[in-house]
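Visitor: Coordinates in target00.txt, compact mmCIF, C-alpha atoms and all ligand atoms, are listed below.
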```txt
# COMPACT_ATOMS: atom_id res chain seq x y z
CA MET A 156 21.24 -30.39 -0.65
CA ASP A 157 24.95 -30.28 0.10
CA ARG A 158 26.82 -32.25 -2.46
CA ILE A 159 29.74 -34.57 -2.83
CA SER A 160 31.79 -33.53 -5.85
CA ASN A 161 35.23 -34.05 -7.37
CA SER A 162 35.79 -36.91 -4.98
CA LYS A 163 36.87 -40.51 -5.00
CA VAL A 164 34.03 -42.52 -3.53
CA LEU A 165 33.93 -46.19 -2.58
CA ILE A 166 30.55 -47.92 -2.32
CA THR A 167 30.69 -51.49 -1.06
CA GLY A 168 27.53 -53.30 -2.11
CA GLY A 169 27.18 -50.65 -4.78
CA ALA A 170 25.32 -52.90 -7.22
CA GLY A 171 22.57 -53.51 -4.66
CA PHE A 172 19.38 -51.61 -4.09
CA ILE A 173 20.59 -48.73 -1.94
CA GLY A 174 24.16 -48.63 -3.27
CA SER A 175 23.18 -48.42 -6.93
CA ASN A 176 20.68 -45.63 -6.30
CA LEU A 177 23.45 -43.80 -4.46
CA ALA A 178 25.85 -44.39 -7.36
CA ASP A 179 23.27 -42.87 -9.75
CA THR A 180 23.21 -39.72 -7.66
CA LEU A 181 26.97 -39.37 -7.31
CA ILE A 182 28.18 -40.47 -10.72
CA GLU A 183 28.03 -37.11 -12.46
CA ASP A 184 30.63 -35.29 -10.36
CA ASN A 185 32.77 -38.06 -8.86
CA GLU A 186 34.88 -41.15 -9.48
CA ILE A 187 32.88 -44.04 -8.09
CA VAL A 188 34.35 -47.41 -7.18
CA VAL A 189 31.87 -50.21 -6.58
CA VAL A 190 32.85 -53.48 -4.94
CA ASP A 191 30.07 -56.06 -5.09
CA ASP A 192 30.04 -59.86 -5.31
CA LEU A 193 26.67 -59.74 -7.13
CA SER A 194 25.11 -62.10 -4.59
CA MET A 195 22.02 -59.87 -4.49
CA GLY A 196 23.12 -56.88 -6.55
CA LYS A 197 22.97 -56.71 -10.32
CA ILE A 198 25.38 -55.19 -12.76
CA GLU A 199 22.44 -53.68 -14.71
CA ASN A 200 21.66 -51.57 -11.66
CA LEU A 201 24.84 -49.59 -12.14
CA PRO A 202 25.05 -46.38 -14.15
CA LYS A 203 27.02 -46.66 -17.38
CA SER A 204 29.88 -44.19 -17.17
CA ASN A 205 33.64 -43.91 -17.48
CA HIS A 206 33.59 -42.61 -13.93
CA LEU A 207 32.22 -45.91 -12.61
CA HIS A 208 34.82 -48.53 -11.71
CA PHE A 209 33.25 -51.88 -10.93
CA PHE A 210 35.01 -54.75 -9.18
CA GLU A 211 33.23 -58.06 -8.81
CA HIS A 212 34.72 -59.06 -5.50
CA SER A 213 33.62 -59.97 -2.03
CA ILE A 214 34.63 -57.53 0.69
CA THR A 215 35.98 -60.60 2.48
CA ASP A 216 38.84 -60.68 -0.04
CA TYR A 217 41.19 -58.80 2.28
CA GLU A 218 44.15 -58.74 -0.07
CA PHE A 219 42.05 -57.12 -2.76
CA MET A 220 40.35 -54.68 -0.40
CA ASN A 221 43.57 -53.56 1.27
CA LYS A 222 45.24 -52.90 -2.07
CA LEU A 223 42.20 -51.03 -3.35
CA LEU A 224 41.99 -48.80 -0.27
CA VAL A 225 45.68 -47.95 -0.30
CA GLU A 226 45.85 -47.34 -4.06
CA TRP A 227 42.74 -45.20 -4.34
CA GLU A 228 42.95 -43.13 -1.12
CA PHE A 229 39.20 -42.57 -1.13
CA ASP A 230 37.60 -39.36 0.12
CA TYR A 231 34.34 -41.02 1.07
CA ILE A 232 33.55 -44.65 1.91
CA PHE A 233 29.99 -46.00 2.08
CA LEU A 234 29.85 -49.44 3.68
CA LEU A 235 26.64 -50.90 2.27
CA ALA A 236 27.72 -54.47 1.46
CA ALA A 237 25.93 -57.05 3.60
CA VAL A 238 23.99 -60.26 3.61
CA ALA A 239 20.73 -58.42 4.21
CA SER A 240 18.48 -61.42 4.70
CA VAL A 241 17.97 -62.05 8.40
CA ALA A 242 16.92 -65.64 7.63
CA ASP A 243 20.13 -66.27 5.72
CA THR A 244 22.21 -65.13 8.69
CA VAL A 245 20.29 -67.53 10.92
CA LYS A 246 21.19 -70.37 8.51
CA ARG A 247 24.85 -69.37 8.01
CA PRO A 248 25.87 -67.37 11.10
CA LEU A 249 29.62 -67.77 10.83
CA GLU A 250 29.87 -67.18 7.10
CA THR A 251 27.63 -64.11 7.21
CA HIS A 252 29.51 -62.79 10.25
CA GLU A 253 32.62 -62.70 8.06
CA ILE A 254 30.79 -60.43 5.64
CA ASN A 255 28.57 -58.37 7.92
CA GLN A 256 31.21 -57.70 10.55
CA ASN A 257 34.78 -58.88 10.01
CA ALA A 258 35.16 -57.59 6.45
CA ASN A 259 34.11 -54.14 7.65
CA ILE A 260 36.58 -54.23 10.52
CA ASN A 261 39.24 -55.14 8.00
CA ILE A 262 38.42 -51.93 6.10
CA LEU A 263 38.68 -49.87 9.31
CA GLU A 264 41.91 -51.60 10.20
CA THR A 265 43.42 -50.96 6.78
CA ILE A 266 42.56 -47.27 7.16
CA ARG A 267 44.12 -47.19 10.64
CA VAL A 268 47.30 -49.10 9.87
CA ASN A 269 48.02 -47.21 6.65
CA ARG A 270 46.95 -43.88 8.16
CA LEU A 271 44.67 -43.27 5.22
CA SER A 272 43.13 -39.87 5.45
CA LEU A 273 39.54 -39.70 4.34
CA LYS A 274 36.75 -37.19 4.64
CA LYS A 275 34.26 -39.66 6.05
CA LEU A 276 33.22 -43.29 6.30
CA LEU A 277 29.58 -44.28 6.72
CA PHE A 278 28.30 -47.67 7.87
CA SER A 279 24.74 -48.75 7.22
CA SER A 280 23.18 -50.52 10.15
CA SER A 281 19.56 -51.50 10.66
CA ALA A 282 16.51 -51.03 12.84
CA ALA A 283 16.96 -54.76 13.47
CA VAL A 284 19.23 -53.79 16.38
CA TYR A 285 16.13 -52.76 18.38
CA GLY A 286 14.63 -56.24 18.14
CA ASN A 287 11.37 -56.77 19.96
CA ASP A 288 11.73 -54.22 22.69
CA PRO A 289 8.27 -52.62 22.91
CA GLU A 290 9.37 -49.00 23.24
CA LEU A 291 7.99 -46.93 20.36
CA PRO A 292 8.99 -44.93 18.46
CA LYS A 293 12.54 -46.26 18.42
CA LYS A 294 15.08 -43.69 19.55
CA GLU A 295 18.80 -44.16 19.03
CA THR A 296 18.96 -44.40 22.83
CA SER A 297 16.19 -47.05 23.04
CA PRO A 298 17.19 -50.46 24.41
CA ILE A 299 19.10 -52.65 21.99
CA ASP A 300 17.86 -56.23 21.61
CA PRO A 301 19.51 -57.89 18.61
CA LEU A 302 17.77 -61.22 17.96
CA SER A 303 19.65 -62.63 14.98
CA PRO A 304 23.23 -62.94 13.76
CA TYR A 305 22.30 -60.16 11.31
CA ALA A 306 21.27 -57.77 14.07
CA ILE A 307 24.19 -58.70 16.30
CA ASP A 308 26.69 -58.07 13.50
CA LYS A 309 25.01 -54.80 12.54
CA TYR A 310 25.10 -53.55 16.12
CA ALA A 311 28.66 -54.65 16.83
CA THR A 312 29.95 -53.20 13.57
CA GLU A 313 28.18 -49.93 14.28
CA ARG A 314 30.12 -49.80 17.54
CA PHE A 315 33.40 -50.66 15.83
CA VAL A 316 32.82 -47.92 13.28
CA ILE A 317 31.98 -45.27 15.90
CA ASP A 318 34.72 -46.34 18.32
CA TYR A 319 37.42 -46.68 15.66
CA GLY A 320 36.48 -43.13 14.78
CA GLU A 321 36.86 -41.91 18.36
CA LEU A 322 39.96 -43.94 19.17
CA TYR A 323 41.96 -43.39 16.01
CA GLY A 324 40.66 -40.06 14.76
CA ILE A 325 38.77 -41.39 11.73
CA PRO A 326 35.65 -39.41 10.74
CA THR A 327 32.84 -41.97 10.86
CA VAL A 328 29.07 -42.11 11.13
CA ALA A 329 26.42 -44.85 11.11
CA THR A 330 22.77 -45.11 10.08
CA ARG A 331 20.00 -47.42 11.21
CA PHE A 332 17.72 -47.94 8.23
CA PHE A 333 14.05 -48.66 8.75
CA ASN A 334 12.08 -50.17 5.82
CA VAL A 335 13.59 -48.71 2.67
CA TYR A 336 11.70 -49.17 -0.62
CA GLY A 337 11.85 -48.00 -4.21
CA PRO A 338 13.23 -48.76 -7.67
CA LYS A 339 15.85 -51.50 -8.03
CA GLN A 340 14.91 -53.33 -4.84
CA ASN A 341 15.25 -56.99 -5.74
CA PRO A 342 12.02 -58.92 -4.98
CA SER A 343 13.52 -62.36 -5.63
CA SER A 344 13.71 -63.66 -2.08
CA PRO A 345 10.82 -64.16 0.36
CA TYR A 346 12.89 -61.96 2.69
CA SER A 347 13.14 -59.11 0.22
CA GLY A 348 11.44 -55.85 1.16
CA VAL A 349 7.69 -56.45 1.32
CA LEU A 350 6.88 -53.55 -1.00
CA SER A 351 9.07 -54.93 -3.78
CA ILE A 352 7.30 -58.28 -3.39
CA ILE A 353 3.83 -56.68 -3.48
CA PHE A 354 4.75 -54.60 -6.54
CA ASN A 355 6.07 -57.69 -8.29
CA CYS A 356 2.89 -59.64 -7.47
CA VAL A 357 0.59 -56.88 -8.70
CA GLY A 358 2.56 -56.63 -11.96
CA LYS A 359 2.49 -60.38 -12.60
CA ASP A 360 -1.00 -60.97 -11.26
CA ALA A 361 0.59 -63.37 -8.80
CA VAL A 362 -0.72 -64.23 -5.35
CA PHE A 363 0.88 -62.33 -2.48
CA SER A 364 1.50 -64.30 0.73
CA LEU A 365 0.61 -62.07 3.65
CA TYR A 366 2.09 -63.31 6.90
CA GLY A 367 -0.34 -62.39 9.68
CA ASP A 368 -3.41 -60.17 9.47
CA GLY A 369 -1.68 -57.21 7.81
CA ASN A 370 -2.08 -55.01 10.87
CA GLN A 371 1.64 -55.12 11.60
CA THR A 372 3.18 -51.70 11.05
CA ARG A 373 6.46 -50.44 9.64
CA ASP A 374 8.18 -47.15 8.90
CA PHE A 375 8.58 -47.17 5.11
CA VAL A 376 11.12 -44.69 3.78
CA PHE A 377 11.56 -43.96 0.08
CA ILE A 378 14.96 -44.58 -1.46
CA SER A 379 15.61 -41.03 -2.63
CA ASP A 380 15.13 -39.73 0.93
CA VAL A 381 17.63 -42.35 2.07
CA VAL A 382 20.17 -41.44 -0.62
CA ASN A 383 19.86 -37.74 0.22
CA THR A 384 20.38 -38.54 3.89
CA LEU A 385 23.48 -40.60 3.19
CA VAL A 386 25.03 -37.75 1.22
CA MET A 387 24.00 -35.18 3.80
CA LEU A 388 25.57 -37.16 6.64
CA MET A 389 28.79 -37.52 4.66
CA VAL A 390 29.20 -33.79 4.16
CA SER A 391 27.94 -32.69 7.58
CA ASN A 392 30.32 -31.91 10.43
CA GLU A 393 28.65 -34.45 12.67
CA GLU A 394 30.69 -37.56 13.36
CA HIS A 395 30.89 -40.62 15.60
CA LYS A 396 27.12 -40.78 15.90
CA VAL A 397 24.41 -43.19 14.84
CA TYR A 398 21.15 -42.01 13.25
CA ASN A 399 17.76 -43.57 12.62
CA VAL A 400 16.73 -43.19 9.00
CA GLY A 401 12.97 -43.46 8.62
CA THR A 402 10.03 -41.12 8.24
CA GLY A 403 8.70 -41.17 11.80
CA VAL A 404 5.35 -42.45 10.48
CA SER A 405 4.00 -45.93 11.06
CA ILE A 406 1.91 -47.61 8.34
CA SER A 407 0.29 -51.05 8.36
CA ILE A 408 0.80 -53.57 5.57
CA ASN A 409 -2.96 -53.41 4.92
CA GLN A 410 -2.75 -49.63 4.41
CA VAL A 411 0.15 -50.07 2.03
CA ILE A 412 -1.73 -52.65 0.00
CA GLU A 413 -4.71 -50.29 -0.22
CA GLU A 414 -2.44 -47.48 -1.47
CA PHE A 415 -0.98 -49.77 -4.14
CA GLU A 416 -4.43 -50.90 -5.24
CA ASN A 417 -5.71 -47.33 -5.45
CA ILE A 418 -2.75 -46.08 -7.46
CA LEU A 419 -2.73 -49.02 -9.86
CA ASN A 420 -6.50 -49.43 -9.87
CA LYS A 421 -6.01 -53.16 -9.48
CA LYS A 422 -6.76 -55.69 -6.74
CA LEU A 423 -3.95 -57.68 -5.16
CA LYS A 424 -4.62 -61.39 -4.73
CA ILE A 425 -3.80 -62.26 -1.14
CA ASN A 426 -3.17 -65.58 0.53
CA TYR A 427 -3.20 -65.11 4.31
CA ARG A 428 -0.52 -67.20 6.00
CA LYS A 429 0.67 -67.81 9.53
CA ILE A 430 2.71 -64.98 11.01
CA ARG A 431 6.47 -65.50 10.53
CA SER A 432 8.39 -66.50 13.61
CA GLY A 433 10.43 -63.58 14.93
CA ASP A 434 8.29 -61.05 13.05
CA ILE A 435 8.05 -57.70 14.78
CA LYS A 436 4.54 -56.35 15.31
CA ASN A 437 5.22 -52.63 15.22
CA SER A 438 8.24 -50.54 14.36
CA TYR A 439 8.82 -46.91 13.57
CA ALA A 440 11.58 -44.40 14.01
CA ASP A 441 11.96 -41.36 16.17
CA ILE A 442 13.73 -39.06 13.70
CA THR A 443 14.54 -36.19 16.08
CA GLU A 444 18.32 -36.74 15.80
CA ILE A 445 18.53 -36.92 12.02
CA SER A 446 16.12 -33.96 11.76
CA LYS A 447 18.67 -31.81 13.60
CA THR A 448 20.97 -32.16 10.60
CA GLY A 449 18.27 -30.70 8.35
CA TYR A 450 16.66 -33.97 7.21
CA ARG A 451 13.00 -33.85 6.19
CA PRO A 452 11.60 -36.82 4.30
CA ALA A 453 10.23 -35.53 1.00
CA PHE A 454 8.07 -38.60 0.33
CA ASP A 455 5.18 -39.95 2.35
CA ILE A 456 3.90 -43.43 1.52
CA HIS A 457 1.46 -42.15 -1.09
CA ASN A 458 3.96 -40.01 -3.03
CA GLY A 459 6.68 -42.61 -2.56
CA LEU A 460 4.60 -45.45 -4.02
CA GLN A 461 3.44 -43.21 -6.85
CA GLU A 462 7.06 -42.35 -7.68
CA TYR A 463 8.12 -46.01 -7.41
CA ILE A 464 5.40 -47.04 -9.84
CA ASP A 465 6.01 -44.09 -12.20
CA GLN A 466 9.72 -44.83 -12.43
CA PHE A 467 9.00 -48.50 -13.16
CA TYR A 468 6.64 -47.78 -16.04
CA LYS A 469 8.69 -44.87 -17.40
C1 LIG B 1 13.25 -55.43 8.05
C2 LIG B 1 14.47 -55.65 7.20
C3 LIG B 1 15.37 -56.69 7.81
C4 LIG B 1 15.66 -56.39 9.26
C5 LIG B 1 14.32 -56.22 9.99
C6 LIG B 1 14.55 -55.84 11.44
C7 LIG B 1 13.90 -55.22 4.90
C8 LIG B 1 13.66 -55.82 3.57
N1 LIG B 1 14.12 -56.08 5.88
O1 LIG B 1 12.44 -56.58 8.04
O2 LIG B 1 16.59 -56.73 7.08
O3 LIG B 1 16.42 -55.21 9.33
O4 LIG B 1 13.56 -55.16 9.40
O5 LIG B 1 13.37 -55.80 12.11
O6 LIG B 1 13.98 -54.00 5.07
N2 LIG B 1 5.67 -59.79 4.66
C9 LIG B 1 4.57 -60.44 4.10
N3 LIG B 1 4.76 -61.09 2.91
C10 LIG B 1 5.95 -61.10 2.26
C11 LIG B 1 7.05 -60.43 2.82
C12 LIG B 1 6.88 -59.79 4.03
O7 LIG B 1 3.47 -60.47 4.68
O8 LIG B 1 6.03 -61.71 1.17
C13 LIG B 1 5.48 -59.10 5.95
C14 LIG B 1 6.50 -59.54 6.96
O9 LIG B 1 6.09 -60.70 7.65
C15 LIG B 1 6.56 -58.31 7.87
C16 LIG B 1 6.30 -57.15 6.91
O10 LIG B 1 5.69 -57.72 5.76
O11 LIG B 1 5.55 -58.36 8.84
C17 LIG B 1 7.56 -56.42 6.49
O12 LIG B 1 8.49 -57.38 6.02
P1 LIG B 1 9.92 -56.99 5.41
O13 LIG B 1 10.65 -58.28 5.23
O14 LIG B 1 9.76 -56.10 4.27
O15 LIG B 1 10.58 -56.12 6.54
P2 LIG B 1 10.90 -56.41 8.08
O16 LIG B 1 10.49 -55.17 8.81
O17 LIG B 1 10.34 -57.67 8.57
```
Could I get this file's structure written as structure tokens?
Guide:
Amino acid sequence: MDRISNSKVLITGGAGFIGSNLADTLIEDNEIVVVDDLSMGKIENLPKSNHLHFFEHSITDYEFMNKLLVEWEFDYIFLLAAVASVADTVKRPLETHEINQNANINILETIRVNRLSLKKLLFSSSAAVYGNDPELPKKETSPIDPLSPYAIDKYATERFVIDYGELYGIPTVATRFFNVYGPKQNPSSPYSGVLSIIFNCVGKDAVFSLYGDGNQTRDFVFISDVVNTLVMLMVSNEEHKVYNVGTGVSISINQVIEEFENILNKKLKINYRKIRSGDIKNSYADITEISKTGYRPAFDIHNGLQEYIDQFYK
């Protein structure tokens, strides 16, 4: 894998699931700055190192962010901070819009106004932008149908990131994550990733609420494949594009539960509940575009779950 080294790297949301796994990968050869308000992230997620500079701040603190960006002159910027719960954005659309969109535009604007030169900026968007459009698999050119403030903000910010890049000569790229899972995913909310919730339930012998019949499908992608992709996109020459990040394979929740049960040799207690409103029946990624950059997911669901479990019990 191409590497990022001897660089100053900013990770917003760096104490969260994806950001902290990324920080683990980059910490050895770089100076890493993490900005996180710890709303979902945890300080324990972060690697302990003199090269890690942690700031407990919201990205909506413009004065702080502007000063940080100008002082540090980062080489690489990963924009991973977000209110990731769709339900939360439905409850607090204006407040979450400030975080999921405006704070990111402020970062772009600070770069533009101060003519900060950077190697690349990456924004993490979501498969949520595709909404309920039935076309499968989802291509980057598939119809967009954002159905929540979360999806609207992700889509609009993606556009800002790409178009700021084109208009003002800033190297930028964006990713649309499918269902990412793995170590450090926080299972504490009912809207956390379903695999972290299942894993938590199996471990505690707790009852898992399954919304629907379990035949709904998702494209589950293991965290280390995602981290490798993020790094690869940063160092590649491609810019001003958006990429699906998934595996291209669709798996049902029932299949995933069976995999968990087989690996752990334990039965999950399931309480079948009514399907959640707004839940998408089927979703998986067409990964042709990202594959052109050399991406091949190393983990299928079986190996990925095995690794997830192994790392937990290590
Ligand atoms: C994912 C993203 C979300 C948004 C959305 C866009 C995650 C964690 N969430 O939501 O941010 O981008 O895609 O479509 O990646 N389920 C249960 N029991 C539970 C929790 C979930 O049955 O306790 C079901 C849930 O109803 C859904 C499936 O499991 O059918 C996957 O749920 P999820 O929240 O992990 O992911 P998803 O695809 O709904």
Visitor: Could you tell me which of A:Ile317, A:Leu388, A:Ile325, A:Ala306 comes closest to ligand LIG 1 (chain B) if we count all atoms listed in the file?
Guide: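 Distance minimum relative to ligand LIG 1 (chain B) lands on A:Ala306.
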Visitor: Could you check which of A:Ala283, A:Val316, A:Val386, A:Leu302 is closest to ligand LIG 1 (chain B), using all atoms listed in the file?
Guide: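 The shortest atom-to-atom distance to ligand LIG 1 (chain B) comes from A:Ala283.
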Visitor: Quick one: everything within 10 Å of Trp227 in chain A, counting all atoms listed in the file, minus sequence neighbours fewer than 2 positions away in the same chain. Send it as a ChimeraX atom specification.
Guide: /A:163-165,188,222-225,229-230,271
Visitor: Using all atoms listed in the file, pick whichever of A:Glu444, A:Asp368, A:Ile464, A:Ile456 has the shortest atom-to-atom distance to Tyr427 in chain A.
Guide: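 Ranking A:Glu444, A:Asp368, A:Ile464, A:Ile456 by distance to Tyr427 in chain A, first place goes to A:Asp368.
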Visitor: For Ser407 in chain A, which residue out of A:Glu295, A:Asp434, A:Asp374, A:Glu393 is the nearest one, using only C-alpha atoms?
Guide: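 Of all the options, A:Asp374 lies closest to Ser407 in chain A.
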Visitor: Within 8 Å of ligand LIG 1 (chain B) (counting all atoms listed in the file), which residues show up? I'd like them as a VMD selection string.
Guide: chain A and resid 239 to 241 281 to 286 305 to 306 332 to 336 345 to 350 352 to 353 363 to 367 369 371 to 373 408 428 430 to 431 434 to 436 438
Visitor: Around the point (1.5, -43.3, -6.1) in the file's coordinates, collect all residues with an atom within 10 Å, using only C-alpha atoms, and return them as a PDB file with C-alpha atoms, in the frame of the given file.
Guide:
```pdb
ATOM      1  CA  GLU A 414      -2.440 -47.480  -1.470  1.00  0.00           C
ATOM      2  CA  PHE A 415      -0.980 -49.770  -4.140  1.00  0.00           C
ATOM      3  CA  GLU A 416      -4.430 -50.900  -5.240  1.00  0.00           C
ATOM      4  CA  ASN A 417      -5.710 -47.330  -5.450  1.00  0.00           C
ATOM      5  CA  ILE A 418      -2.750 -46.080  -7.460  1.00  0.00           C
ATOM      6  CA  LEU A 419      -2.730 -49.020  -9.860  1.00  0.00           C
ATOM      7  CA  ASP A 455       5.180 -39.950   2.350  1.00  0.00           C
ATOM      8  CA  ILE A 456       3.900 -43.430   1.520  1.00  0.00           C
ATOM      9  CA  HIS A 457       1.460 -42.150  -1.090  1.00  0.00           C
ATOM     10  CA  ASN A 458       3.960 -40.010  -3.030  1.00  0.00           C
ATOM     11  CA  GLY A 459       6.680 -42.610  -2.560  1.00  0.00           C
ATOM     12  CA  LEU A 460       4.600 -45.450  -4.020  1.00  0.00           C
ATOM     13  CA  GLN A 461       3.440 -43.210  -6.850  1.00  0.00           C
ATOM     14  CA  GLU A 462       7.060 -42.350  -7.680  1.00  0.00           C
ATOM     15  CA  TYR A 463       8.120 -46.010  -7.410  1.00  0.00           C
ATOM     16  CA  ILE A 464       5.400 -47.040  -9.840  1.00  0.00           C
ATOM     17  CA  ASP A 465       6.010 -44.090 -12.200  1.00  0.00           C
TER      18      ASP A 465
END
```
Visitor: Give the padded box for range 271-277 of chain A as AutoDock Vina command-line options: axis-aligned, covering all atoms listed in the file, 6 Å on each side, centre and edge lengths in Å to one decimal.
Guide:
```
--center_x 37.1 --center_y -40.7 --center_z 5.5 --size_x 27.1 --size_y 19.1 --size_z 14.4
```
Visitor: Can you find the residues with an atom no farther than 12 Å from (0.9, -59.5, -11.2), counting all atoms listed in the file, and report them as number ranges by chain?
Guide: A: 351-363, 416, 419, 421-425
Visitor: What does the file look like for those residues with C-alpha atoms, as a short mmCIF file (atom, residue, chain, number, x, y, z; two decimals), in the frame of the given file?
Guide:
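Everything below was put into result-v9.cif:
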```cif
data_model
loop_
_atom_site.label_atom_id
_atom_site.label_comp_id
_atom_site.auth_asym_id
_atom_site.auth_seq_id
_atom_site.Cartn_x
_atom_site.Cartn_y
_atom_site.Cartn_z
CA SER A 351 9.07 -54.93 -3.78
CA ILE A 352 7.30 -58.28 -3.39
CA ILE A 353 3.83 -56.68 -3.48
CA PHE A 354 4.75 -54.60 -6.54
CA ASN A 355 6.07 -57.69 -8.29
CA CYS A 356 2.89 -59.64 -7.47
CA VAL A 357 0.59 -56.88 -8.70
CA GLY A 358 2.56 -56.63 -11.96
CA LYS A 359 2.49 -60.38 -12.60
CA ASP A 360 -1.00 -60.97 -11.26
CA ALA A 361 0.59 -63.37 -8.80
CA VAL A 362 -0.72 -64.23 -5.35
CA PHE A 363 0.88 -62.33 -2.48
CA GLU A 416 -4.43 -50.90 -5.24
CA LEU A 419 -2.73 -49.02 -9.86
CA LYS A 421 -6.01 -53.16 -9.48
CA LYS A 422 -6.76 -55.69 -6.74
CA LEU A 423 -3.95 -57.68 -5.16
CA LYS A 424 -4.62 -61.39 -4.73
CA ILE A 425 -3.80 -62.26 -1.14
#
```
Visitor: Here is a test: counting only C-alpha atoms, which residue of A:Leu277, A:Thr296, A:Gln340, A:Glu186 is nearest to Thr384 in chain A?
Guide: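 Counting only C-alpha atoms, the residue closest to Thr384 in chain A is A:Leu277.
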Visitor: Quote the spacing between CA of Ile262 in chain A and CA of Val189 in chain A in Å to one decimal place.
Guide: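 Here the two named atoms are 14.4 Å from each other.
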Visitor: Just checking: using all atoms listed in the file, which residue out of A:Asp179, A:Asp288, A:Glu199, A:Asp243 ends up closest to Ile378 in chain A?
Guide: A:Asp179
Visitor: CA of Glu218 in chain A and CA of Ala258 in chain A are how many Å apart?
Guide: 11.2 Å
Visitor: Could you tell me how far CA of Val400 in chain A sits from CA of Leu249 in chain A, in Å to one decimal place?
Guide: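 About the pair CA of Leu249 in chain A and CA of Val400 in chain A: they are 27.8 Å apart.
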Visitor: Determine, counting all atoms listed in the file, which protein, DNA and RNA residues have an atom within 9 Å of an atom of Pro248 in chain A; residues of the same chain fewer than 3 positions away are not included. Present the result as a JSON list (two decimals) with C-alpha atoms, in the frame of the given file.
Guide:
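Output file part-v1.json follows:
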```json
[["chain", "number", "residue", "atom", "x", "y", "z"],
["A", 243, "ASP", "CA", 20.13, -66.27, 5.72],
["A", 244, "THR", "CA", 22.21, -65.13, 8.69],
["A", 245, "VAL", "CA", 20.29, -67.53, 10.92],
["A", 251, "THR", "CA", 27.63, -64.11, 7.21],
["A", 252, "HIS", "CA", 29.51, -62.79, 10.25],
["A", 253, "GLU", "CA", 32.62, -62.70, 8.06],
["A", 303, "SER", "CA", 19.65, -62.63, 14.98],
["A", 304, "PRO", "CA", 23.23, -62.94, 13.76],
["A", 305, "TYR", "CA", 22.30, -60.16, 11.31]]
```
Visitor: Residues within 10 Å of Ser391 in chain A, please, as a ChimeraX atom specification. Count all atoms listed in the file; anything in the same chain fewer than 3 positions from it doesn't count.
Guide: /A:157,275,386-388,394,448-449
Visitor: Save out the residues we just selected, C-alpha atoms, as a PDB file, keeping the file's coordinate frame.
Guide:
```pdb
ATOM      1  CA  ASP A 157      24.950 -30.280   0.100  1.00  0.00           C
ATOM      2  CA  LYS A 275      34.260 -39.660   6.050  1.00  0.00           C
ATOM      3  CA  VAL A 386      25.030 -37.750   1.220  1.00  0.00           C
ATOM      4  CA  MET A 387      24.000 -35.180   3.800  1.00  0.00           C
ATOM      5  CA  LEU A 388      25.570 -37.160   6.640  1.00  0.00           C
ATOM      6  CA  GLU A 394      30.690 -37.560  13.360  1.00  0.00           C
ATOM      7  CA  THR A 448      20.970 -32.160  10.600  1.00  0.00           C
ATOM      8  CA  GLY A 449      18.270 -30.700   8.350  1.00  0.00           C
TER       9      GLY A 449
END
```
Visitor: Write out as a count of residues only the residues lying within 10 Å of Ile198 in chain A, counting only C-alpha atoms and excluding same-chain residues fewer than 3 positions away.
Guide: 12
Visitor: Excluding Glu264 in chain A and its own-chain neighbours fewer than 5 positions away, which residues fall within 9 Å of it when counting all atoms listed in the file? Please give them as a ChimeraX atom specification.
Guide: /A:259,269,319
